[in-house]
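Coordinates from model_16.txt are shown below (compact mmCIF, C-alpha atoms and all ligand atoms).
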```txt
# COMPACT_ATOMS: atom_id res chain seq x y z
CA MET A 10 68.11 86.06 50.32
CA LEU A 11 68.57 89.84 50.23
CA SER A 12 70.05 91.89 47.45
CA LEU A 13 70.64 95.66 47.36
CA GLU A 14 71.46 97.04 43.95
CA ASN A 15 72.73 100.53 43.35
CA LEU A 16 70.74 101.85 46.31
CA VAL A 17 70.55 105.63 46.52
CA VAL A 18 68.90 107.31 49.54
CA LYS A 19 68.46 111.05 49.94
CA TYR A 20 67.40 113.18 52.90
CA GLY A 21 66.08 116.25 51.11
CA ASN A 22 68.97 117.44 48.97
CA VAL A 23 71.55 115.44 50.89
CA GLU A 24 72.44 112.11 49.30
CA ALA A 25 73.28 109.73 52.19
CA LEU A 26 73.81 106.56 50.10
CA HIS A 27 75.45 106.95 46.70
CA GLY A 28 74.64 103.57 45.15
CA ILE A 29 75.14 100.66 47.56
CA ASP A 30 75.40 97.04 46.41
CA MET A 31 75.04 94.34 49.03
CA GLU A 32 74.16 90.64 49.13
CA VAL A 33 73.08 88.62 52.13
CA ALA A 34 72.72 84.86 51.84
CA GLU A 35 70.32 82.84 53.96
CA GLY A 36 71.93 81.77 57.24
CA GLU A 37 74.65 84.41 57.25
CA ILE A 38 75.65 87.04 59.77
CA VAL A 39 76.79 90.06 57.76
CA SER A 40 78.39 93.02 59.53
CA VAL A 41 78.23 96.56 58.21
CA LEU A 42 81.08 98.69 59.47
CA GLY A 43 82.04 102.33 59.02
CA ALA A 44 82.60 105.62 60.77
CA ASN A 45 79.84 107.89 62.09
CA GLY A 46 77.73 109.17 59.24
CA ALA A 47 78.95 106.56 56.73
CA GLY A 48 75.37 105.49 56.03
CA LYS A 49 75.07 102.30 58.06
CA SER A 50 71.77 103.17 59.76
CA THR A 51 70.39 104.55 56.52
CA THR A 52 71.15 101.23 54.82
CA LEU A 53 69.20 99.32 57.48
CA MET A 54 66.31 101.79 57.37
CA GLY A 55 66.23 101.42 53.59
CA ILE A 56 65.90 97.64 53.92
CA SER A 57 63.14 97.88 56.55
CA GLY A 58 61.26 100.52 54.55
CA LEU A 59 61.63 103.36 57.07
CA VAL A 60 63.31 105.46 54.38
CA LYS A 61 62.50 105.12 50.70
CA PRO A 62 65.27 104.94 48.12
CA ALA A 63 65.55 107.62 45.44
CA SER A 64 66.72 104.88 43.07
CA GLY A 65 68.06 101.35 43.04
CA SER A 66 66.40 98.18 44.27
CA ILE A 67 66.06 95.92 47.29
CA VAL A 68 64.98 92.36 46.58
CA PHE A 69 64.09 89.97 49.42
CA GLU A 70 63.57 86.28 48.60
CA GLY A 71 62.85 87.21 44.99
CA THR A 72 60.38 90.04 45.73
CA PRO A 73 61.24 93.73 45.28
CA ILE A 74 60.46 95.34 48.64
CA HIS A 75 61.75 98.91 48.21
CA THR A 76 58.28 100.10 47.18
CA LEU A 77 56.45 98.39 50.05
CA PRO A 78 55.39 100.12 53.29
CA ALA A 79 57.37 99.17 56.41
CA HIS A 80 54.61 97.04 57.98
CA LYS A 81 54.42 94.87 54.83
CA ILE A 82 58.17 94.37 55.02
CA VAL A 83 57.79 93.16 58.62
CA GLU A 84 55.09 90.74 57.45
CA MET A 85 57.46 89.43 54.80
CA GLY A 86 59.93 88.42 57.51
CA ILE A 87 62.29 91.34 58.13
CA ALA A 88 62.50 92.94 61.59
CA GLN A 89 64.76 95.77 62.75
CA VAL A 90 66.18 96.52 66.18
CA PRO A 91 66.67 100.29 66.04
CA GLU A 92 69.69 102.16 67.29
CA GLY A 93 69.13 103.36 70.86
CA ARG A 94 66.73 100.45 71.52
CA ARG A 95 63.53 102.60 71.71
CA VAL A 96 61.61 100.31 74.01
CA PHE A 97 58.34 101.70 75.37
CA GLY A 98 59.44 102.78 78.84
CA THR A 99 55.99 103.14 80.37
CA LEU A 100 54.91 99.66 79.24
CA THR A 101 55.96 96.40 80.87
CA VAL A 102 58.43 93.94 79.36
CA SER A 103 55.55 91.62 78.38
CA GLU A 104 53.62 94.47 76.77
CA ASN A 105 56.68 95.51 74.75
CA LEU A 106 57.05 91.94 73.51
CA ARG A 107 53.37 91.74 72.60
CA LEU A 108 53.75 94.89 70.49
CA GLY A 109 56.46 93.14 68.50
CA ALA A 110 53.88 90.60 67.39
CA PHE A 111 51.48 93.22 66.04
CA THR A 112 51.45 91.71 62.55
CA SER A 113 50.90 88.18 63.84
CA ARG A 114 47.59 86.31 63.89
CA ASP A 115 48.86 83.09 65.40
CA ARG A 116 48.67 83.33 69.21
CA ASN A 117 50.04 79.81 69.82
CA ARG A 118 53.07 80.57 67.73
CA ASP A 119 53.49 83.89 69.54
CA ALA A 120 53.48 82.10 72.89
CA ARG A 121 56.16 79.66 71.67
CA THR A 122 58.26 82.54 70.37
CA ARG A 123 57.88 84.34 73.69
CA ASP A 124 59.09 81.24 75.53
CA TRP A 125 62.06 81.01 73.18
CA ILE A 126 62.91 84.69 73.84
CA PHE A 127 62.67 84.06 77.60
CA SER A 128 65.08 81.13 77.18
CA LEU A 129 67.51 83.36 75.25
CA PHE A 130 67.18 86.15 77.85
CA PRO A 131 66.05 84.63 81.19
CA ILE A 132 66.29 88.05 82.88
CA LEU A 133 63.39 89.24 80.70
CA LYS A 134 61.22 86.46 82.09
CA GLU A 135 62.09 87.49 85.64
CA ARG A 136 61.28 91.09 84.82
CA ARG A 137 58.28 90.52 82.56
CA ARG A 138 55.93 92.60 84.74
CA GLN A 139 58.45 95.41 85.23
CA LEU A 140 58.21 98.69 83.29
CA ALA A 141 60.74 98.69 80.47
CA GLY A 142 61.95 102.15 81.47
CA THR A 143 63.28 100.74 84.75
CA LEU A 144 65.51 98.14 83.04
CA SER A 145 69.27 98.58 82.66
CA GLY A 146 70.67 99.51 79.23
CA GLY A 147 71.68 95.90 78.55
CA GLU A 148 68.26 94.58 79.54
CA GLN A 149 66.58 97.17 77.30
CA GLN A 150 68.77 95.98 74.42
CA MET A 151 67.71 92.39 75.13
CA LEU A 152 64.08 93.52 75.16
CA ALA A 153 64.52 95.40 71.88
CA ILE A 154 65.94 92.23 70.29
CA GLY A 155 63.15 90.14 71.84
CA ARG A 156 60.51 92.53 70.54
CA ALA A 157 61.91 92.23 67.01
CA LEU A 158 61.98 88.42 67.29
CA MET A 159 58.27 88.43 68.21
CA ALA A 160 57.61 89.31 64.54
CA HIS A 161 59.04 85.85 63.61
CA PRO A 162 61.66 87.37 61.26
CA ARG A 163 63.78 85.32 58.89
CA LEU A 164 66.06 88.35 58.57
CA LEU A 165 66.99 90.39 61.65
CA LEU A 166 68.54 93.85 61.27
CA LEU A 167 70.49 95.04 64.31
CA ASP A 168 71.63 98.67 64.60
CA GLU A 169 74.49 99.12 67.08
CA PRO A 170 73.37 96.62 69.72
CA SER A 171 76.56 97.23 71.76
CA LEU A 172 76.12 101.01 72.01
CA GLY A 173 76.78 102.29 75.53
CA LEU A 174 76.94 98.84 77.14
CA ALA A 175 79.60 97.32 79.41
CA PRO A 176 81.99 94.74 77.85
CA LEU A 177 80.51 91.74 79.69
CA ILE A 178 76.99 92.64 78.62
CA ILE A 179 78.17 93.14 75.03
CA LYS A 180 79.74 89.68 75.11
CA ALA A 181 76.50 88.12 76.35
CA ILE A 182 74.42 89.91 73.72
CA PHE A 183 76.79 88.93 70.91
CA GLU A 184 76.70 85.30 72.05
CA THR A 185 72.92 85.42 71.95
CA ILE A 186 73.00 86.91 68.44
CA ARG A 187 75.07 83.86 67.43
CA GLU A 188 72.47 81.59 69.02
CA ILE A 189 69.63 83.39 67.23
CA ASN A 190 71.52 82.95 63.96
CA SER A 191 72.14 79.25 64.68
CA SER A 192 68.42 78.75 65.06
CA GLY A 193 67.97 79.87 61.43
CA VAL A 194 67.62 83.65 61.51
CA THR A 195 69.82 85.54 59.05
CA VAL A 196 71.42 88.65 60.60
CA VAL A 197 72.65 92.01 59.34
CA LEU A 198 74.61 93.72 62.11
CA VAL A 199 75.61 97.39 62.07
CA GLU A 200 78.39 98.04 64.56
CA GLN A 201 80.97 100.58 65.66
CA ASN A 202 82.55 97.77 67.63
CA ALA A 203 84.22 96.37 64.51
CA ARG A 204 86.37 93.70 66.10
CA ALA A 205 83.53 92.04 68.01
CA ALA A 206 81.24 92.34 65.00
CA LEU A 207 83.74 90.70 62.65
CA ARG A 208 84.42 87.89 65.11
CA LEU A 209 80.73 87.13 65.05
CA ALA A 210 80.09 87.63 61.33
CA HIS A 211 80.67 85.47 58.27
CA ARG A 212 81.18 88.47 56.00
CA GLY A 213 81.44 92.21 56.28
CA TYR A 214 80.95 95.41 54.30
CA VAL A 215 82.82 98.62 55.02
CA LEU A 216 81.01 101.88 54.21
CA GLU A 217 82.64 105.25 53.76
CA VAL A 218 80.52 108.34 53.10
CA GLY A 219 77.64 106.46 51.53
CA LYS A 220 79.62 103.96 49.46
CA VAL A 221 80.82 100.38 49.92
CA VAL A 222 84.62 100.53 49.92
CA LEU A 223 85.32 96.93 50.95
CA ALA A 224 83.38 93.67 50.97
CA ASP A 225 85.03 90.48 52.16
CA THR A 226 84.89 87.54 54.52
CA ALA A 227 85.06 88.53 58.18
CA GLU A 228 88.31 86.62 58.49
CA SER A 229 89.97 88.59 55.66
CA LEU A 230 88.67 91.91 57.01
CA LEU A 231 90.08 91.09 60.46
CA ALA A 232 93.46 90.42 58.85
CA ASN A 233 93.37 93.47 56.55
CA PRO A 234 95.96 96.09 57.59
CA GLU A 235 93.80 99.00 56.37
CA ILE A 236 90.87 97.79 58.44
CA HIS A 237 93.21 97.37 61.35
CA SER A 238 94.44 100.93 61.36
CA ALA A 239 91.04 102.48 60.59
CA TYR A 240 88.62 100.38 62.64
CA LEU A 241 90.41 97.92 64.91
CA GLY A 242 92.94 100.23 66.51
CA HIS A 243 91.52 100.09 70.02
CA GLY A 244 91.50 96.81 71.88
P1 LIG N 301 75.90 106.65 62.92
O1 LIG N 301 76.70 105.52 63.43
O2 LIG N 301 76.36 107.97 63.44
O3 LIG N 301 74.42 106.44 63.02
P2 LIG N 301 75.71 105.90 60.18
O4 LIG N 301 76.84 105.28 59.45
O5 LIG N 301 74.62 105.01 60.64
O6 LIG N 301 76.26 106.74 61.38
P3 LIG N 301 73.67 107.43 58.91
O7 LIG N 301 72.98 107.71 60.21
O8 LIG N 301 73.06 106.44 58.01
O9 LIG N 301 75.16 107.01 59.21
O10 LIG N 301 73.88 108.80 58.14
C1 LIG N 301 74.38 108.89 56.81
C2 LIG N 301 74.35 110.36 56.37
O11 LIG N 301 73.01 110.82 56.26
C3 LIG N 301 75.05 111.32 57.32
O12 LIG N 301 75.70 112.29 56.56
C4 LIG N 301 73.92 111.91 58.11
O13 LIG N 301 74.26 113.21 58.55
C5 LIG N 301 72.81 111.95 57.09
N1 LIG N 301 71.49 111.81 57.73
C6 LIG N 301 71.08 110.76 58.49
N2 LIG N 301 69.79 110.92 58.89
C7 LIG N 301 69.38 112.09 58.37
C8 LIG N 301 68.16 112.83 58.41
N3 LIG N 301 67.09 112.37 59.06
N4 LIG N 301 68.12 114.02 57.75
C9 LIG N 301 69.19 114.48 57.07
N5 LIG N 301 70.36 113.86 56.98
C10 LIG N 301 70.48 112.67 57.62
```
Can you give me the file's structure in the form of structure tokens?
Amino acid sequence: MLSLENLVVKYGNVEALHGIDMEVAEGEIVSVLGANGAGKSTTLMGISGLVKPASGSIVFEGTPIHTLPAHKIVEMGIAQVPEGRRVFGTLTVSENLRLGAFTSRDRNRDARTRDWIFSLFPILKERRRQLAGTLSGGEQQMLAIGRALMAHPRLLLLDEPSLGLAPLIIKAIFETIREINSSGVTVVLVEQNARAALRLAHRGYVLEVGKVVLADTAESLLANPEIHSAYLGHG
């Protein structure tokens, strides 16, 4: 479904990705792991068109997308949930969701998607008239995921959905990610919380300073002693 080949991304003179190869098959959950600064967010932003590669290619369902503007990439079926959630705090929950559908022209479909999001996250339905800025961190994360789903993506990119959240909330959000995936949405998940991410994922990639150093099934990565000492040490 998605193929990254020799992807190089630079910020000015600083090369953040030194030639990344990655494959995502339809229906998968793929986790991207790595320390701070390894290039995980940059990889996601490259896919969604928020940063442009210096070289290499990104092909989605047979079409090269690395030259397309970000809004075209959303239209093609890729939506990103950014790190830190970035919901619009002075808008209501419903208004935030509506903004997620900005590329859509099918209001009936939008209404069905909104109902589906409310069934995934019933608390958002209860709070639909509340300003997003007054929601808890977990609820804002749910809203950020809901907003991305309003674009009807076939591929969902999640950047650190567990960041700063309590363990029970993380568990609920990860279970919902599984449910979203089961309904046919392919997922790329960037996480510091490597153990939880690998339990959820089918496969994983480990990045170190802008390079892929390991790519394997989630099961093998969970059993890998190097991964254990580097990323699974706590809990
Ligand atoms: P984190 O979990 O901390 O977000 P990450 O693995 O997602 O880490 P990136 O944010 O992709 O890593 O950063 C990769 C490299 O690119 C780092 O060396 C970082 O300092 C650098 N970098 C990221 N964003 C910028 C930017 N806007 N300008 C310059 N350098 C940047």
Environment of ligand LIG 301 (chain N) within 9 Å, counting only C-alpha atoms and all ligand atoms, reported as JSON, numbers by chain: {"A": [18, 19, 20, 21, 22, 23, 24, 25, 26, 41, 42, 43, 44, 45, 46, 47, 48, 49, 50, 51, 52, 53, 54, 92, 168, 169, 199, 200, 201, 216, 217, 218, 219]}
Okay, now the selection with C-alpha atoms, as an mmCIF file, in the coordinates of the input?
```cif
data_model
loop_
_atom_site.group_PDB
_atom_site.id
_atom_site.type_symbol
_atom_site.label_atom_id
_atom_site.label_comp_id
_atom_site.auth_asym_id
_atom_site.auth_seq_id
_atom_site.Cartn_x
_atom_site.Cartn_y
_atom_site.Cartn_z
ATOM 1 C CA VAL A 18 68.900 107.310 49.540
ATOM 2 C CA LYS A 19 68.460 111.050 49.940
ATOM 3 C CA TYR A 20 67.400 113.180 52.900
ATOM 4 C CA GLY A 21 66.080 116.250 51.110
ATOM 5 C CA ASN A 22 68.970 117.440 48.970
ATOM 6 C CA VAL A 23 71.550 115.440 50.890
ATOM 7 C CA GLU A 24 72.440 112.110 49.300
ATOM 8 C CA ALA A 25 73.280 109.730 52.190
ATOM 9 C CA LEU A 26 73.810 106.560 50.100
ATOM 10 C CA VAL A 41 78.230 96.560 58.210
ATOM 11 C CA LEU A 42 81.080 98.690 59.470
ATOM 12 C CA GLY A 43 82.040 102.330 59.020
ATOM 13 C CA ALA A 44 82.600 105.620 60.770
ATOM 14 C CA ASN A 45 79.840 107.890 62.090
ATOM 15 C CA GLY A 46 77.730 109.170 59.240
ATOM 16 C CA ALA A 47 78.950 106.560 56.730
ATOM 17 C CA GLY A 48 75.370 105.490 56.030
ATOM 18 C CA LYS A 49 75.070 102.300 58.060
ATOM 19 C CA SER A 50 71.770 103.170 59.760
ATOM 20 C CA THR A 51 70.390 104.550 56.520
ATOM 21 C CA THR A 52 71.150 101.230 54.820
ATOM 22 C CA LEU A 53 69.200 99.320 57.480
ATOM 23 C CA MET A 54 66.310 101.790 57.370
ATOM 24 C CA GLU A 92 69.690 102.160 67.290
ATOM 25 C CA ASP A 168 71.630 98.670 64.600
ATOM 26 C CA GLU A 169 74.490 99.120 67.080
ATOM 27 C CA VAL A 199 75.610 97.390 62.070
ATOM 28 C CA GLU A 200 78.390 98.040 64.560
ATOM 29 C CA GLN A 201 80.970 100.580 65.660
ATOM 30 C CA LEU A 216 81.010 101.880 54.210
ATOM 31 C CA GLU A 217 82.640 105.250 53.760
ATOM 32 C CA VAL A 218 80.520 108.340 53.100
ATOM 33 C CA GLY A 219 77.640 106.460 51.530
#
```
Contact residues around segment 64-68 of chain A with all atoms listed in the file at 10 Å, ignoring same-chain residues under 6 positions, as a list in words: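 The neighbour list is Met10, Leu11, Ser12, Leu13, Glu14, Asn15, Leu16, Val17, Val18, Lys19, His27, Gly28, Ile29, Asp30, Met31, Glu32, Gly55, Ile56, Ser57, Gly58, Ile74, His75 and Thr76 of chain A.
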Nearby residues (only C-alpha atoms) at most 9 Å from segment 137-150 of chain A, same-chain spacing under 5 positions excluded, as a VMD selection string: chain A and resid 90 93 to 105 130 132 155 170 to 171 173 to 175 178 to 179 182
Atomic separation - atom CA of Ile82 of chain A relative to atom CA of Val194 of chain A, Å: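 Those two atoms sit 15.7 Å apart.
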Atom CA of Glu70 of chain A to atom CA of Met151 of chain A, straight-line distance in Å: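 It comes out at 27.5 Å.
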Atom-to-atom span, atom CA of Leu152 of chain A and atom CA of Leu106 of chain A, Å: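 Atom-to-atom, atom CA of Leu152 of chain A and atom CA of Leu106 of chain A are spaced 7.4 Å apart.
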Protein and nucleic acid residues near (75.7, 89.4, 59.2) (cut-off 10 Å, only C-alpha atoms) as a PyMOL selection string: chain A and resi 33-41+164-167+186-187+190+195-199+206-207+209-214+227
Of the listed residues A:Ala181, A:Leu231, A:Ala160, A:Leu241, that which approaches Met85 of chain A most closely, counting all atoms listed in the file: A:Ala160
Best match for closeness to Ser128 of chain A among A:Ala239, A:Arg107, A:Gly193, A:Thr185, counting all atoms listed in the file: A:Thr185
Pick from A:Lys180, A:Arg136, A:Arg116, A:Arg204, whichever lies nearest to Ser238 of chain A using all atoms listed in the file: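 For Ser238 of chain A, the nearest of the candidates is A:Arg204.
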Could you pull segment 163-176 of chain A out of the structure just shown and give all heavy atoms as a PDB file, in the first residue's frame?
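Saved file out22.pdb follows:
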```
ATOM      1  N   ARG A 163      -7.662   5.838   4.401  1.00  0.00           N
ATOM      2  CA  ARG A 163      -7.383   4.399   4.331  1.00  0.00           C
ATOM      3  C   ARG A 163      -6.087   4.101   5.066  1.00  0.00           C
ATOM      4  O   ARG A 163      -5.823   2.985   5.448  1.00  0.00           O
ATOM      5  CB  ARG A 163      -7.300   3.940   2.870  1.00  0.00           C
ATOM      6  CG  ARG A 163      -8.659   3.988   2.172  1.00  0.00           C
ATOM      7  CD  ARG A 163      -8.635   3.329   0.819  1.00  0.00           C
ATOM      8  NE  ARG A 163      -7.678   3.962  -0.084  1.00  0.00           N
ATOM      9  CZ  ARG A 163      -7.862   5.159  -0.649  1.00  0.00           C
ATOM     10  NH1 ARG A 163      -8.963   5.839  -0.426  1.00  0.00           N
ATOM     11  NH2 ARG A 163      -6.949   5.675  -1.444  1.00  0.00           N
ATOM     12  N   LEU A 164      -5.261   5.151   5.240  1.00  0.00           N
ATOM     13  CA  LEU A 164      -4.018   5.023   6.001  1.00  0.00           C
ATOM     14  C   LEU A 164      -4.003   6.122   7.066  1.00  0.00           C
ATOM     15  O   LEU A 164      -4.132   7.313   6.752  1.00  0.00           O
ATOM     16  CB  LEU A 164      -2.814   5.181   5.065  1.00  0.00           C
ATOM     17  CG  LEU A 164      -1.434   5.188   5.730  1.00  0.00           C
ATOM     18  CD1 LEU A 164      -1.134   3.849   6.404  1.00  0.00           C
ATOM     19  CD2 LEU A 164      -0.343   5.498   4.706  1.00  0.00           C
ATOM     20  N   LEU A 165      -3.859   5.706   8.326  1.00  0.00           N
ATOM     21  CA  LEU A 165      -3.850   6.649   9.444  1.00  0.00           C
ATOM     22  C   LEU A 165      -2.452   6.673  10.058  1.00  0.00           C
ATOM     23  O   LEU A 165      -1.903   5.618  10.399  1.00  0.00           O
ATOM     24  CB  LEU A 165      -4.883   6.194  10.488  1.00  0.00           C
ATOM     25  CG  LEU A 165      -5.075   7.077  11.723  1.00  0.00           C
ATOM     26  CD1 LEU A 165      -5.687   8.425  11.331  1.00  0.00           C
ATOM     27  CD2 LEU A 165      -5.994   6.381  12.736  1.00  0.00           C
ATOM     28  N   LEU A 166      -1.888   7.870  10.174  1.00  0.00           N
ATOM     29  CA  LEU A 166      -0.551   8.038  10.757  1.00  0.00           C
ATOM     30  C   LEU A 166      -0.718   8.629  12.155  1.00  0.00           C
ATOM     31  O   LEU A 166      -1.299   9.713  12.307  1.00  0.00           O
ATOM     32  CB  LEU A 166       0.286   8.995   9.904  1.00  0.00           C
ATOM     33  CG  LEU A 166       0.325   8.718   8.400  1.00  0.00           C
ATOM     34  CD1 LEU A 166       1.064   9.850   7.666  1.00  0.00           C
ATOM     35  CD2 LEU A 166       0.987   7.378   8.109  1.00  0.00           C
ATOM     36  N   LEU A 167      -0.230   7.930  13.154  1.00  0.00           N
ATOM     37  CA  LEU A 167      -0.394   8.385  14.545  1.00  0.00           C
ATOM     38  C   LEU A 167       0.969   8.689  15.149  1.00  0.00           C
ATOM     39  O   LEU A 167       1.838   7.817  15.199  1.00  0.00           O
ATOM     40  CB  LEU A 167      -1.048   7.282  15.377  1.00  0.00           C
ATOM     41  CG  LEU A 167      -2.502   6.946  15.052  1.00  0.00           C
ATOM     42  CD1 LEU A 167      -2.844   5.535  15.528  1.00  0.00           C
ATOM     43  CD2 LEU A 167      -3.429   7.945  15.723  1.00  0.00           C
ATOM     44  N   ASP A 168       1.143   9.939  15.619  1.00  0.00           N
ATOM     45  CA  ASP A 168       2.436  10.329  16.203  1.00  0.00           C
ATOM     46  C   ASP A 168       2.311  10.426  17.718  1.00  0.00           C
ATOM     47  O   ASP A 168       1.701  11.358  18.230  1.00  0.00           O
ATOM     48  CB  ASP A 168       2.893  11.675  15.611  1.00  0.00           C
ATOM     49  CG  ASP A 168       4.382  11.913  15.837  1.00  0.00           C
ATOM     50  OD1 ASP A 168       4.999  11.161  16.631  1.00  0.00           O
ATOM     51  OD2 ASP A 168       4.937  12.847  15.223  1.00  0.00           O
ATOM     52  N   GLU A 169       2.850   9.431  18.410  1.00  0.00           N
ATOM     53  CA  GLU A 169       2.893   9.405  19.879  1.00  0.00           C
ATOM     54  C   GLU A 169       1.536   9.617  20.540  1.00  0.00           C
ATOM     55  O   GLU A 169       1.393  10.524  21.380  1.00  0.00           O
ATOM     56  CB  GLU A 169       3.852  10.495  20.399  1.00  0.00           C
ATOM     57  CG  GLU A 169       5.227  10.396  19.814  1.00  0.00           C
ATOM     58  CD  GLU A 169       6.220   9.748  20.761  1.00  0.00           C
ATOM     59  OE1 GLU A 169       5.797   9.221  21.804  1.00  0.00           O
ATOM     60  OE2 GLU A 169       7.418   9.774  20.440  1.00  0.00           O
ATOM     61  N   PRO A 170       0.543   8.788  20.214  1.00  0.00           N
ATOM     62  CA  PRO A 170      -0.769   8.996  20.832  1.00  0.00           C
ATOM     63  C   PRO A 170      -0.773   8.822  22.351  1.00  0.00           C
ATOM     64  O   PRO A 170      -1.672   9.331  23.009  1.00  0.00           O
ATOM     65  CB  PRO A 170      -1.662   7.950  20.155  1.00  0.00           C
ATOM     66  CG  PRO A 170      -0.735   6.931  19.613  1.00  0.00           C
ATOM     67  CD  PRO A 170       0.525   7.660  19.261  1.00  0.00           C
ATOM     68  N   SER A 171       0.217   8.122  22.909  1.00  0.00           N
ATOM     69  CA  SER A 171       0.198   7.871  24.366  1.00  0.00           C
ATOM     70  C   SER A 171       0.884   8.967  25.171  1.00  0.00           C
ATOM     71  O   SER A 171       0.855   8.947  26.399  1.00  0.00           O
ATOM     72  CB  SER A 171       0.872   6.530  24.666  1.00  0.00           C
ATOM     73  OG  SER A 171       2.278   6.649  24.600  1.00  0.00           O
ATOM     74  N   LEU A 172       1.474   9.942  24.484  1.00  0.00           N
ATOM     75  CA  LEU A 172       2.325  10.932  25.159  1.00  0.00           C
ATOM     76  C   LEU A 172       1.591  11.667  26.286  1.00  0.00           C
ATOM     77  O   LEU A 172       0.563  12.306  26.075  1.00  0.00           O
ATOM     78  CB  LEU A 172       2.813  11.949  24.126  1.00  0.00           C
ATOM     79  CG  LEU A 172       4.031  12.781  24.551  1.00  0.00           C
ATOM     80  CD1 LEU A 172       5.284  11.917  24.566  1.00  0.00           C
ATOM     81  CD2 LEU A 172       4.222  13.946  23.590  1.00  0.00           C
ATOM     82  N   GLY A 173       2.135  11.549  27.490  1.00  0.00           N
ATOM     83  CA  GLY A 173       1.618  12.303  28.633  1.00  0.00           C
ATOM     84  C   GLY A 173       0.306  11.796  29.199  1.00  0.00           C
ATOM     85  O   GLY A 173      -0.307  12.483  30.007  1.00  0.00           O
ATOM     86  N   LEU A 174      -0.146  10.600  28.781  1.00  0.00           N
ATOM     87  CA  LEU A 174      -1.441  10.115  29.256  1.00  0.00           C
ATOM     88  C   LEU A 174      -1.274   9.014  30.309  1.00  0.00           C
ATOM     89  O   LEU A 174      -0.265   8.307  30.335  1.00  0.00           O
ATOM     90  CB  LEU A 174      -2.268   9.576  28.084  1.00  0.00           C
ATOM     91  CG  LEU A 174      -2.531  10.563  26.945  1.00  0.00           C
ATOM     92  CD1 LEU A 174      -3.375   9.905  25.866  1.00  0.00           C
ATOM     93  CD2 LEU A 174      -3.205  11.833  27.457  1.00  0.00           C
ATOM     94  N   ALA A 175      -2.291   8.869  31.157  1.00  0.00           N
ATOM     95  CA  ALA A 175      -2.275   7.850  32.214  1.00  0.00           C
ATOM     96  C   ALA A 175      -2.443   6.455  31.602  1.00  0.00           C
ATOM     97  O   ALA A 175      -3.090   6.310  30.550  1.00  0.00           O
ATOM     98  CB  ALA A 175      -3.410   8.123  33.187  1.00  0.00           C
ATOM     99  N   PRO A 176      -1.871   5.429  32.258  1.00  0.00           N
ATOM    100  CA  PRO A 176      -1.883   4.065  31.705  1.00  0.00           C
ATOM    101  C   PRO A 176      -3.268   3.551  31.282  1.00  0.00           C
ATOM    102  O   PRO A 176      -3.394   2.946  30.222  1.00  0.00           O
ATOM    103  CB  PRO A 176      -1.322   3.214  32.852  1.00  0.00           C
ATOM    104  CG  PRO A 176      -0.444   4.154  33.615  1.00  0.00           C
ATOM    105  CD  PRO A 176      -1.079   5.510  33.500  1.00  0.00           C
TER     106      PRO A 176
END
```
